[in-house]
Protein chains: 4
Amino acid sequence: MIRFNSDYLEGAHPRILERLMETNLAQTPGYGEDRFCEQARSTIRRLCDAPEADVQFLVGGTQANLTVLAAALLPYQGVISADSGHIAVHETGAIEATGHKVIALPCRDGKLEAGQVSEYCRKHFADESHEHMVMPAAVYLSCPTEVGTLYSREELSQLRAVCDRWNLTLYLDGARLGYGLAAPGNTLDLPFLARTCDAFTIGGTKQGMLFGEAVVIRSERLKQNFRYLIKQKGGMLAKGRLLGIQFEEMLKDGLYMELSRQAIVLAMQLKAAFIDLKVPFLVDSPTNQQFPILPNVVLPMLRDKYSYATIEAVDEAHTCVRFCTSWATRQMDVDRLIADLHVLLRKQ
Amino acid sequence: MIRFNSDYLEGAHPRILERLMETNLAQTPGYGEDRFCEQARSTIRRLCDAPEADVQFLVGGTQANLTVLAAALLPYQGVISADSGHIAVHETGAIEATGHKVIALPCRDGKLEAGQVSEYCRKHFADESHEHMVMPAAVYLSCPTEVGTLYSREELSQLRAVCDRWNLTLYLDGARLGYGLAAPGNTLDLPFLARTCDAFTIGGTKQGMLFGEAVVIRSERLKQNFRYLIKQKGGMLAKGRLLGIQFEEMLKDGLYMELSRQAIVLAMQLKAAFIDLKVPFLVDSPTNQQFPILPNVVLPMLRDKYSYATIEAVDEAHTCVRFCTSWATRQMDVDRLIADLHVLLRKQ
Amino acid sequence: MIRFNSDYLEGAHPRILERLMETNLAQTPGYGEDRFCEQARSTIRRLCDAPEADVQFLVGGTQANLTVLAAALLPYQGVISADSGHIAVHETGAIEATGHKVIALPCRDGKLEAGQVSEYCRKHFADESHEHMVMPAAVYLSCPTEVGTLYSREELSQLRAVCDRWNLTLYLDGARLGYGLAAPGNTLDLPFLARTCDAFTIGGTKQGMLFGEAVVIRSERLKQNFRYLIKQKGGMLAKGRLLGIQFEEMLKDGLYMELSRQAIVLAMQLKAAFIDLKVPFLVDSPTNQQFPILPNVVLPMLRDKYSYATIEAVDEAHTCVRFCTSWATRQMDVDRLIADLHVLLRKQ
Amino acid sequence: MIRFNSDYLEGAHPRILERLMETNLAQTPGYGEDRFCEQARSTIRRLCDAPEADVQFLVGGTQANLTVLAAALLPYQGVISADSGHIAVHETGAIEATGHKVIALPCRDGKLEAGQVSEYCRKHFADESHEHMVMPAAVYLSCPTEVGTLYSREELSQLRAVCDRWNLTLYLDGARLGYGLAAPGNTLDLPFLARTCDAFTIGGTKQGMLFGEAVVIRSERLKQNFRYLIKQKGGMLAKGRLLGIQFEEMLKDGLYMELSRQAIVLAMQLKAAFIDLKVPFLVDSPTNQQFPILPNVVLPMLRDKYSYATIEAVDEAHTCVRFCTSWATRQMDVDRLIADLHVLLRKQ
């Protein structure tokens, strides 16, 4: 069985484990206040061209999302998200569990548009009963989105302008950020994100680390006492150094982007193969997640050798599935999959 | 200015105030444990043909909804509601503030259908990632709905069956229940509701009382320690007797239904006038809320003499508005409104 | 049975009911945005000498407490309270249910001292692990306290200084405020409270109204969007006018203080009788709640004719109980009680 | 600087890292549903002699505590804890943030006594106002406690009986469980804990793993849908295998207890040295945390070479501090510390 069902199937890049070995017996204070975390913070600030940013390290994405949004929202406020957004669908109501509504707006391609956010806010404040409705106060974006699409620099700038207009916190979930930054046609970079978002994450778990999300915070209000909230929400790792060590190793000399680019090369080979085979996609993704719509008849044979995620039935004869590449995907496995796809689909 | 914008514009039916006068200096224990509440509980159990039901009295509808649903749901569970449901739109995220997602399903006419609830549950439990999603565990209905429509006995029975199938608590918000029970074509009655729902409310605020919602609870699990929750959520009225006195006066000899019927008669006169004038409706409502779609040009003149609620722009030239009748609406005011509508709309 | 067990045993002062009658059929907008509420707000601002204060009306005390504190606290913050404070003991965890710890400090006589609050804060911020502990961010006082005692002007000023020093919101729960203001030796008045507290309540329920607490808000941060929170927490009364009408009637010409004084006169007669009879007290209360420590042998006979609240067993032979007077207590009932006490206790 | 301030100063035992290396590129499903977790579950069930127990793996202790207690409590219920309990003091209100009061009872030596729990419950349910108070519904114990003490088999059995009597969930936080099981005089073992508690944790973070707490669940009610709650609270590690791999390595052949015993040997050497030097203790701890009360005059010199945690000033001239040993503590560092203590303290 060769697994393509997600990008967190293996452990970590060998350099990560080696670095954990090297540093293993050094004694440090706990809770992310050690020198390894300081160094990684400093590296991230430099890469983001944001010397005054606060950087905090958390273990996982749901934890990062719920902690940032709990810091951003007052009790009667909610966060606007695409209806396919991770917080709206796949975090078991983690945001609601902190007391806040996720205001899910219908989206094509997993992306919120500045116009629809603006219109929602305008309507809210124009409504004579607005005190009876949850006040929109933050925008959650994922980038890449849950369906592998990317925001452009222009789109994010427009969203920023809307957030300024309506006093919304702009938060971007970058669980797969590297795969986005390495994507063909991408116009984003870390300094732009740091200038544009109030907070965003640089994902580690899906990018070659054992685990870890770095939260980059620009908003002064969010920075304040953020660590109290990390502790309260159960996200403060006793041996916080593990996060600092991993992020420093990934970021100090470009390993993060190198691994991202490698995954994208393989994803684009797979995408080209599907196109070649006239397989349509749920959405045109330039990143490591590909969503082909396959004839149901080929699925059992495919499933014998490969794992993938089932997204949804598109019609009676076709199903949308997801194949992911990652930092750990091997060229030979992609070659084999493409070869098998040719055999299976040419027969049809 | 004659007001038709809602059904809570006045105080209470004179008999309510008189009864409060008569009982004013009687000394009673607090918190709903007095003889007046006991009597009203007993009357409600009798009218519902549900001798073993628990009956609790709360001041308002949002309070009732959030308290019942907080009792019904475990932390990772959510409540299914029509996307137009009061809890989904007009309670400032009260349910989310107790930690639970409102799972809003798209609805015509404000009504959930058994089929869509069933399909949502089936999909949830079939999804391989279901532990990453909020578990559906209750159904919230309003009846009459926010747009004045009613569930039939058959529709409610089907929803009950779905709730049994998927282990969902069925809760019906009857803030305007009397206006529904008095509506032409209605097939529901209190004993049926008590047999069918795990809990439902009999609304007082909009039906001629100063305030008050009676929660009728059939589910043993919900009954348990429900008063702890009322207290915690701020809904335990010190002078709880005020609720018992009012409900008893309304229900002991049919005043509740008499006032409801009277409001419906006037609403139907208004509805007939709109039909006569070829005014279309947002929805066909048999209850005290009517949602005509009026030409924008008549609105300023109408507004000079009458208040109504603005619902939404339907197109550039038309707006859907809401006119409510209530226990306090006077025949002469409806006559005057109808006469003016004829003048205004015939001109068009 | 003559009841002295609490101060919410009857309905309301007759003038309240008469005023509700007079205004009953006037049509007004809902949710506290009517002219009666505006008038009452204006009267309260005038009495508090606080023209820029925000005044909101809520139905009950637990609701007021939880709504104000939810507005005051960020998720990782808690509120300091006397360990006998209403929020610490008798609101079924209402504050915790909004996510916040009640930091209960041990108190004599139900009163927090400025020094202990200051010391708690100093220790918190000096602790190297302070991020692992709930940050103190508000102070809850009740005045009169749960045992009938009062803060002096000097004590409140000292607490204010501590709150300024440590950036704490100062909130005073005045559920029985009138009985405090009318107490012998009292040094407080409304303008002083409005100058000193960030928010405080003027209680109605226990002071002759059917129900109602007025929240006077001085802090700009608390004022902001406070009504969203009232709605979310279930405290927004549809017919909000009922609160405005009652408060206006109580406050417009001094009825509130007149009723308070009358209750205090009777409480002092009762207190003098206990002193005369050598009955000790749990605490020296100058307000309408008296806490005598009675020999257990007299309780059964007393209980035949009078209700009182049982507070605690003091030793094997004595029990502390509570007698309350109120706006509704009659001179003849106090006379009778005193006469019976003389008979019962002289025998001992 | 040699660090004795806590037991999470280093990475992990080398065997842990080696095992992570070996398994690194194996592909597995995420979220703890992999074969490594299954194996570790099976090992834990075997060691606990509890074949039907549910075992879930979480990253940290606060996360484990808040997730288990959120599963155990209904909204109006609270958890009883020693006032020194981790959840009562050092988790930034994590339990309150899930809506529940921590009912902190005063304790000597960090231990709850069965009698005081029972008495608290008796009083609660006997109180006529009990619906106005948080209902006690769970007991939180830490073992070893925050001050290094241990419950005996008899004490736990008595607590179990009280929990049965009052329908309380018994939860034991075993963040340092190994150090307790290896302590001189200990009477507990895993099968006894599994028989006695509704849920307990076997701590990994402080015992030689990078991170990780195993939650052993015996209560059927807690088992149900527990994974939904782990996800919602942000505790579901994407690469859950990391937890399974570590626990299996620690437990499969006794490494966990071997490391625990080694730490206890060193702690007892340190304890003996303090006794020898007539240094009193805050409490008599048989585990890896020692709480000597040292003269302030020696602290600056000590601090030059060793880190320790400052607990509290005992009097003007003495301070209680904490020294921890752990799986990583070296004999030579303890020897050096003891030698220095002799020099420093003999001078006094």
# chains A, B, ... in the order shown; residues from 1 in each chain; ligands from 1
>>> select_by_dssp(residues="range 122-307 of chain A", states="alpha helix (DSSP H)", output="VMD selection string")
chain A and resid 122 to 126 153 to 166 177 to 181 190 to 196 220 to 223 226 to 232 241 to 251 255 to 276 299 to 305
>>> interface_residues(of="chain D", to="chain B", cutoff="9 Å", atoms="only C-alpha atoms", output="ChimeraX atom specification")
/D:70-71,74-77,98-99,130-135,225,227-229,231-232
>>> closest_residue(among="A:Leu251, A:Ile44, A:Leu270, A:Ala88", to="Thr62 in chain A", atoms="only C-alpha atoms")
A:Ala88
>>> residues_around(residues="Ala26 in chain D", least_positions_apart="2", cutoff="8 Å", atoms="only C-alpha atoms", output="list in words")
Leu9, Glu10 and Gly11 of chain A; Thr23, Asn24 and Thr28 of chain D
>>> write_last_selection(atoms="all heavy atoms", output="short mmCIF file (atom, residue, chain, number, x, y, z; two decimals), in the first residue's frame")
data_model
loop_
_atom_site.label_atom_id
_atom_site.label_comp_id
_atom_site.auth_asym_id
_atom_site.auth_seq_id
_atom_site.Cartn_x
_atom_site.Cartn_y
_atom_site.Cartn_z
N LEU A 9 1.66 11.42 6.92
CA LEU A 9 1.69 9.96 7.00
C LEU A 9 2.95 9.42 7.62
O LEU A 9 2.99 8.29 8.09
CB LEU A 9 1.55 9.37 5.59
CG LEU A 9 0.27 9.74 4.85
CD1 LEU A 9 0.43 9.46 3.37
CD2 LEU A 9 -0.88 8.96 5.43
N GLU A 10 4.03 10.20 7.56
CA GLU A 10 5.32 9.74 8.06
C GLU A 10 5.71 10.54 9.29
O GLU A 10 4.94 11.38 9.77
CB GLU A 10 6.39 9.93 6.97
CG GLU A 10 6.16 9.10 5.71
CD GLU A 10 5.26 9.80 4.71
OE1 GLU A 10 4.85 10.97 4.99
OE2 GLU A 10 4.93 9.21 3.67
N GLY A 11 6.92 10.30 9.78
CA GLY A 11 7.43 11.04 10.93
C GLY A 11 7.89 12.43 10.52
O GLY A 11 7.08 13.31 10.25
N THR D 23 11.14 4.06 13.06
CA THR D 23 9.77 4.01 12.51
C THR D 23 9.48 5.21 11.63
O THR D 23 8.37 5.33 11.10
CB THR D 23 8.75 4.02 13.67
OG1 THR D 23 9.00 5.21 14.45
CG2 THR D 23 8.87 2.80 14.55
N ASN D 24 10.43 6.05 11.44
CA ASN D 24 10.17 7.38 10.89
C ASN D 24 9.46 7.37 9.54
O ASN D 24 8.56 8.15 9.30
CB ASN D 24 11.48 8.16 10.78
CG ASN D 24 11.24 9.62 10.45
OD1 ASN D 24 10.33 10.23 11.01
ND2 ASN D 24 12.02 10.17 9.55
N THR D 28 1.54 5.69 8.09
CA THR D 28 0.41 5.23 8.93
C THR D 28 -0.74 6.22 8.79
O THR D 28 -0.54 7.38 8.43
CB THR D 28 0.77 5.20 10.42
OG1 THR D 28 1.07 6.54 10.84
CG2 THR D 28 1.95 4.29 10.71
#
>>> residues_around(residues="Arg218 in chain B", least_positions_apart="4", cutoff="10 Å", atoms="only C-alpha atoms", output="list in words")
Ala50, Pro51, Glu52, Ala53, Asp54, Val55, Ala194, Arg195, Thr196, Cys197, Asp198, Ala199, Phe200, Leu222 and Lys223 of chain B
>>> write_last_selection(atoms="all heavy atoms", output="CSV table (one decimal), in the first residue's frame")
chain,number,residue,atom,x,y,z
B,50,ALA,N,-50.3,15.1,29.8
B,50,ALA,CA,-49.0,14.5,30.1
B,50,ALA,C,-48.7,14.7,31.6
B,50,ALA,O,-48.0,15.5,32.0
B,50,ALA,CB,-47.9,15.3,29.3
B,51,PRO,N,-49.3,13.8,32.4
B,51,PRO,CA,-49.2,13.9,33.8
B,51,PRO,C,-47.8,13.8,34.4
B,51,PRO,O,-47.5,14.4,35.4
B,51,PRO,CB,-50.1,12.8,34.4
B,51,PRO,CG,-50.3,11.9,33.2
B,51,PRO,CD,-50.2,12.7,32.0
B,52,GLU,N,-46.9,13.2,33.6
B,52,GLU,CA,-45.6,13.0,34.2
B,52,GLU,C,-44.6,14.1,33.6
B,52,GLU,O,-43.4,14.0,33.9
B,52,GLU,CB,-45.1,11.6,33.9
B,52,GLU,CG,-44.5,11.3,32.6
B,52,GLU,CD,-45.5,11.7,31.4
B,52,GLU,OE1,-46.7,12.0,31.7
B,52,GLU,OE2,-45.1,11.7,30.3
B,53,ALA,N,-45.1,15.0,32.8
B,53,ALA,CA,-44.2,16.0,32.2
B,53,ALA,C,-43.7,16.9,33.3
B,53,ALA,O,-44.3,17.2,34.3
B,53,ALA,CB,-44.9,16.8,31.2
B,54,ASP,N,-42.4,17.4,33.1
B,54,ASP,CA,-41.9,18.5,34.0
B,54,ASP,C,-42.3,19.8,33.3
B,54,ASP,O,-42.2,19.9,32.0
B,54,ASP,CB,-40.4,18.3,34.1
B,54,ASP,CG,-39.8,19.3,35.1
B,54,ASP,OD1,-40.6,19.8,35.9
B,54,ASP,OD2,-38.6,19.5,35.1
B,55,VAL,N,-42.7,20.8,34.0
B,55,VAL,CA,-43.0,22.1,33.5
B,55,VAL,C,-42.1,23.1,34.2
B,55,VAL,O,-42.2,23.2,35.5
B,55,VAL,CB,-44.5,22.4,33.6
B,55,VAL,CG1,-44.7,23.8,33.0
B,55,VAL,CG2,-45.3,21.4,32.9
B,194,ALA,N,-46.8,17.2,23.1
B,194,ALA,CA,-46.2,16.6,24.3
B,194,ALA,C,-45.8,15.1,24.1
B,194,ALA,O,-44.8,14.6,24.6
B,194,ALA,CB,-47.2,16.7,25.5
B,195,ARG,N,-46.6,14.4,23.2
B,195,ARG,CA,-46.2,13.1,22.9
B,195,ARG,C,-45.0,13.0,21.9
B,195,ARG,O,-44.3,12.1,21.9
B,195,ARG,CB,-47.4,12.4,22.1
B,195,ARG,CG,-48.5,11.9,23.0
B,195,ARG,CD,-49.4,10.8,22.3
B,195,ARG,NE,-49.9,11.3,21.0
B,195,ARG,CZ,-51.0,12.0,20.8
B,195,ARG,NH1,-51.6,12.4,21.9
B,195,ARG,NH2,-51.3,12.4,19.6
B,196,THR,N,-44.9,14.0,21.1
B,196,THR,CA,-44.0,14.0,20.0
B,196,THR,C,-42.6,14.6,20.3
B,196,THR,O,-41.6,14.2,19.8
B,196,THR,CB,-44.6,14.7,18.8
B,196,THR,OG1,-45.9,14.1,18.6
B,196,THR,CG2,-43.8,14.5,17.5
B,197,CYS,N,-42.6,15.7,21.1
B,197,CYS,CA,-41.3,16.4,21.3
B,197,CYS,C,-40.7,15.9,22.7
B,197,CYS,O,-41.4,15.6,23.6
B,197,CYS,CB,-41.6,17.9,21.4
B,197,CYS,SG,-42.3,18.6,20.0
B,198,ASP,N,-39.4,16.0,22.7
B,198,ASP,CA,-38.7,15.8,24.0
B,198,ASP,C,-38.9,17.0,24.9
B,198,ASP,O,-39.0,16.9,26.1
B,198,ASP,CB,-37.2,15.6,23.8
B,198,ASP,CG,-37.0,14.3,23.1
B,198,ASP,OD1,-37.3,13.2,23.6
B,198,ASP,OD2,-36.5,14.3,21.9
B,199,ALA,N,-39.0,18.2,24.3
B,199,ALA,CA,-39.4,19.4,25.1
B,199,ALA,C,-39.9,20.4,24.1
B,199,ALA,O,-39.6,20.4,22.9
B,199,ALA,CB,-38.1,20.0,25.7
B,200,PHE,N,-40.9,21.2,24.6
B,200,PHE,CA,-41.4,22.3,23.7
B,200,PHE,C,-41.8,23.4,24.7
B,200,PHE,O,-41.9,23.3,25.9
B,200,PHE,CB,-42.5,21.9,22.8
B,200,PHE,CG,-43.8,21.6,23.5
B,200,PHE,CD1,-44.8,22.5,23.5
B,200,PHE,CD2,-44.0,20.4,24.2
B,200,PHE,CE1,-46.0,22.2,24.2
B,200,PHE,CE2,-45.2,20.1,24.8
B,200,PHE,CZ,-46.2,21.0,24.8
B,222,LEU,N,-33.6,15.2,30.2
B,222,LEU,CA,-33.7,16.7,30.3
B,222,LEU,C,-34.2,17.2,31.6
B,222,LEU,O,-33.9,18.2,32.1
B,222,LEU,CB,-34.5,17.3,29.1
B,222,LEU,CG,-33.9,17.2,27.7
B,222,LEU,CD1,-34.9,17.9,26.7
B,222,LEU,CD2,-32.6,17.8,27.7
B,223,LYS,N,-35.2,16.4,32.1
B,223,LYS,CA,-35.8,16.8,33.4
B,223,LYS,C,-34.8,16.9,34.5
B,223,LYS,O,-34.9,17.8,35.4
B,223,LYS,CB,-36.8,15.7,33.8
B,223,LYS,CG,-38.1,15.7,33.1
B,223,LYS,CD,-39.0,14.6,33.6
B,223,LYS,CE,-40.2,14.4,32.7
B,223,LYS,NZ,-41.0,13.2,33.2
>>> atom_distance(atom1="CA of Thr205 in chain D", atom2="CA of Arg15 in chain D")
14.6 Å
>>> residues_around(residues="Asp109 in chain C", least_positions_apart="3", cutoff="9 Å", atoms="only C-alpha atoms", output="PDB file with N, CA and C atoms, in the first residue's frame")
ATOM      1  N   SER C  84     -17.633  34.468  50.424  1.00  0.00           N
ATOM      2  CA  SER C  84     -19.077  34.392  50.667  1.00  0.00           C
ATOM      3  C   SER C  84     -19.865  35.133  49.583  1.00  0.00           C
ATOM      4  N   LEU C 112     -14.465  42.193  51.120  1.00  0.00           N
ATOM      5  CA  LEU C 112     -13.077  42.178  50.657  1.00  0.00           C
ATOM      6  C   LEU C 112     -12.369  43.397  51.214  1.00  0.00           C
ATOM      7  N   THR C 145     -23.530  43.341  51.671  1.00  0.00           N
ATOM      8  CA  THR C 145     -23.029  42.005  51.384  1.00  0.00           C
ATOM      9  C   THR C 145     -24.097  40.958  51.681  1.00  0.00           C
ATOM     10  N   GLU C 146     -23.732  39.720  51.421  1.00  0.00           N
ATOM     11  CA  GLU C 146     -24.632  38.589  51.674  1.00  0.00           C
ATOM     12  C   GLU C 146     -24.932  38.444  53.161  1.00  0.00           C
ATOM     13  N   VAL C 147     -24.111  39.049  54.042  1.00  0.00           N
ATOM     14  CA  VAL C 147     -24.417  38.988  55.472  1.00  0.00           C
ATOM     15  C   VAL C 147     -24.833  40.360  56.002  1.00  0.00           C
ATOM     16  N   GLY C 148     -25.231  41.228  55.087  1.00  0.00           N
ATOM     17  CA  GLY C 148     -25.870  42.463  55.517  1.00  0.00           C
ATOM     18  C   GLY C 148     -24.932  43.603  55.871  1.00  0.00           C
ATOM     19  N   THR C 149     -23.637  43.394  55.709  1.00  0.00           N
ATOM     20  CA  THR C 149     -22.694  44.458  56.060  1.00  0.00           C
ATOM     21  C   THR C 149     -22.514  45.428  54.895  1.00  0.00           C
ATOM     22  N   LEU C 282     -24.219  36.663  64.075  1.00  0.00           N
ATOM     23  CA  LEU C 282     -23.114  36.196  63.230  1.00  0.00           C
ATOM     24  C   LEU C 282     -22.209  37.367  62.899  1.00  0.00           C
ATOM     25  N   VAL C 283     -22.842  38.511  62.682  1.00  0.00           N
ATOM     26  CA  VAL C 283     -22.144  39.694  62.221  1.00  0.00           C
ATOM     27  C   VAL C 283     -23.032  40.878  62.582  1.00  0.00           C
ATOM     28  N   ASP C 284     -22.407  42.022  62.750  1.00  0.00           N
ATOM     29  CA  ASP C 284     -23.179  43.212  63.105  1.00  0.00           C
ATOM     30  C   ASP C 284     -23.712  43.874  61.838  1.00  0.00           C
TER      31      ASP C 284
END
>>> residues_around(residues="Gln262 in chain B", least_positions_apart="2", cutoff="10 Å", atoms="only C-alpha atoms", output="list in words")
Tyr179, Ala182, Met257, Glu258, Leu259, Ser260, Ile264, Val265, Leu266, Ala267, Asn288, Thr325, Ser326, Trp327, Ala328, Thr329, Arg330 and Gln331 of chain B
>>> atom_distance(atom1="CA of Ala138 in chain B", atom2="CA of Leu159 in chain B")
11.1 Å
>>> residues_around(residues="Gly30 in chain A", least_positions_apart="6", cutoff="12 Å", atoms="only C-alpha atoms", output="number ranges by chain")
A: 36-37, 236-244; C: 129; D: 3, 5-11, 205-206
>>> write_last_selection(atoms="N, CA, C and O atoms", output="short mmCIF file (atom, residue, chain, number, x, y, z; two decimals), in the first residue's frame")
data_model
loop_
_atom_site.label_atom_id
_atom_site.label_comp_id
_atom_site.auth_asym_id
_atom_site.auth_seq_id
_atom_site.Cartn_x
_atom_site.Cartn_y
_atom_site.Cartn_z
N PHE A 36 16.37 27.68 22.18
CA PHE A 36 16.03 27.16 20.85
C PHE A 36 14.80 27.88 20.29
O PHE A 36 14.77 28.26 19.12
N CYS A 37 13.83 28.05 21.13
CA CYS A 37 12.63 28.79 20.70
C CYS A 37 12.99 30.24 20.37
O CYS A 37 12.50 30.79 19.38
N MET A 236 0.26 24.63 25.70
CA MET A 236 1.62 24.99 26.08
C MET A 236 2.44 23.73 26.36
O MET A 236 2.28 23.08 27.39
N LEU A 237 3.30 23.39 25.43
CA LEU A 237 4.10 22.18 25.53
C LEU A 237 5.15 22.33 26.62
O LEU A 237 5.92 23.30 26.61
N ALA A 238 5.21 21.39 27.55
CA ALA A 238 6.19 21.48 28.63
C ALA A 238 7.60 21.61 28.05
O ALA A 238 8.35 22.51 28.39
N LYS A 239 7.93 20.69 27.16
CA LYS A 239 9.24 20.75 26.52
C LYS A 239 9.12 21.55 25.23
O LYS A 239 9.29 21.03 24.11
N GLY A 240 8.79 22.82 25.39
CA GLY A 240 8.53 23.70 24.25
C GLY A 240 9.70 23.76 23.29
O GLY A 240 9.53 24.00 22.09
N ARG A 241 10.89 23.49 23.80
CA ARG A 241 12.09 23.46 22.96
C ARG A 241 11.93 22.61 21.73
O ARG A 241 12.52 22.88 20.70
N LEU A 242 11.11 21.53 21.84
CA LEU A 242 10.93 20.63 20.70
C LEU A 242 10.39 21.39 19.49
O LEU A 242 10.70 21.06 18.34
N LEU A 243 9.59 22.40 19.75
CA LEU A 243 9.04 23.21 18.66
C LEU A 243 10.10 24.15 18.11
O LEU A 243 10.25 24.30 16.90
N GLY A 244 10.82 24.77 19.00
CA GLY A 244 11.87 25.70 18.55
C GLY A 244 12.94 24.99 17.75
O GLY A 244 13.37 25.46 16.69
N SER C 129 5.51 31.74 37.46
CA SER C 129 4.57 30.93 36.68
C SER C 129 3.25 31.65 36.45
O SER C 129 2.22 31.01 36.23
N ARG D 3 20.65 21.88 36.49
CA ARG D 3 19.23 22.17 36.73
C ARG D 3 18.52 21.07 37.50
O ARG D 3 18.55 19.91 37.11
N ASN D 5 15.33 22.20 38.71
CA ASN D 5 14.09 22.92 38.96
C ASN D 5 12.83 22.18 38.51
O ASN D 5 11.73 22.47 38.96
N SER D 6 12.98 21.22 37.59
CA SER D 6 11.80 20.45 37.21
C SER D 6 12.24 19.11 36.64
O SER D 6 13.44 18.81 36.59
N ASP D 7 11.28 18.34 36.18
CA ASP D 7 11.59 17.03 35.61
C ASP D 7 11.26 16.99 34.12
O ASP D 7 10.98 15.95 33.55
N TYR D 8 11.27 18.20 33.49
CA TYR D 8 11.08 18.22 32.02
C TYR D 8 12.10 19.16 31.39
O TYR D 8 11.76 20.00 30.56
N LEU D 9 13.33 18.96 31.81
CA LEU D 9 14.40 19.86 31.37
C LEU D 9 15.13 19.38 30.13
O LEU D 9 15.79 20.16 29.46
N GLU D 10 15.05 18.07 29.87
CA GLU D 10 15.77 17.50 28.74
C GLU D 10 14.78 17.01 27.69
O GLU D 10 13.58 17.17 27.85
N GLY D 11 15.33 16.35 26.64
CA GLY D 11 14.47 15.78 25.61
C GLY D 11 13.84 14.49 26.07
O GLY D 11 12.91 14.50 26.88
N THR D 205 5.56 12.80 29.74
CA THR D 205 6.41 13.98 29.57
C THR D 205 7.50 14.07 30.63
O THR D 205 8.65 14.37 30.31
N LYS D 206 7.12 13.87 31.88
CA LYS D 206 8.06 14.04 32.98
C LYS D 206 8.82 12.74 33.30
O LYS D 206 9.57 12.69 34.26
#
>>> atom_distance(atom1="CA of Asp189 in chain D", atom2="CA of Thr201 in chain D")
12.8 Å
>>> select_by_dssp(residues="range 67-302 of chain C", states="strand (DSSP E)", output="number ranges by chain")
C: 77-82, 102-105, 135-142, 169-173, 199-203, 213-217, 289-290, 293-295
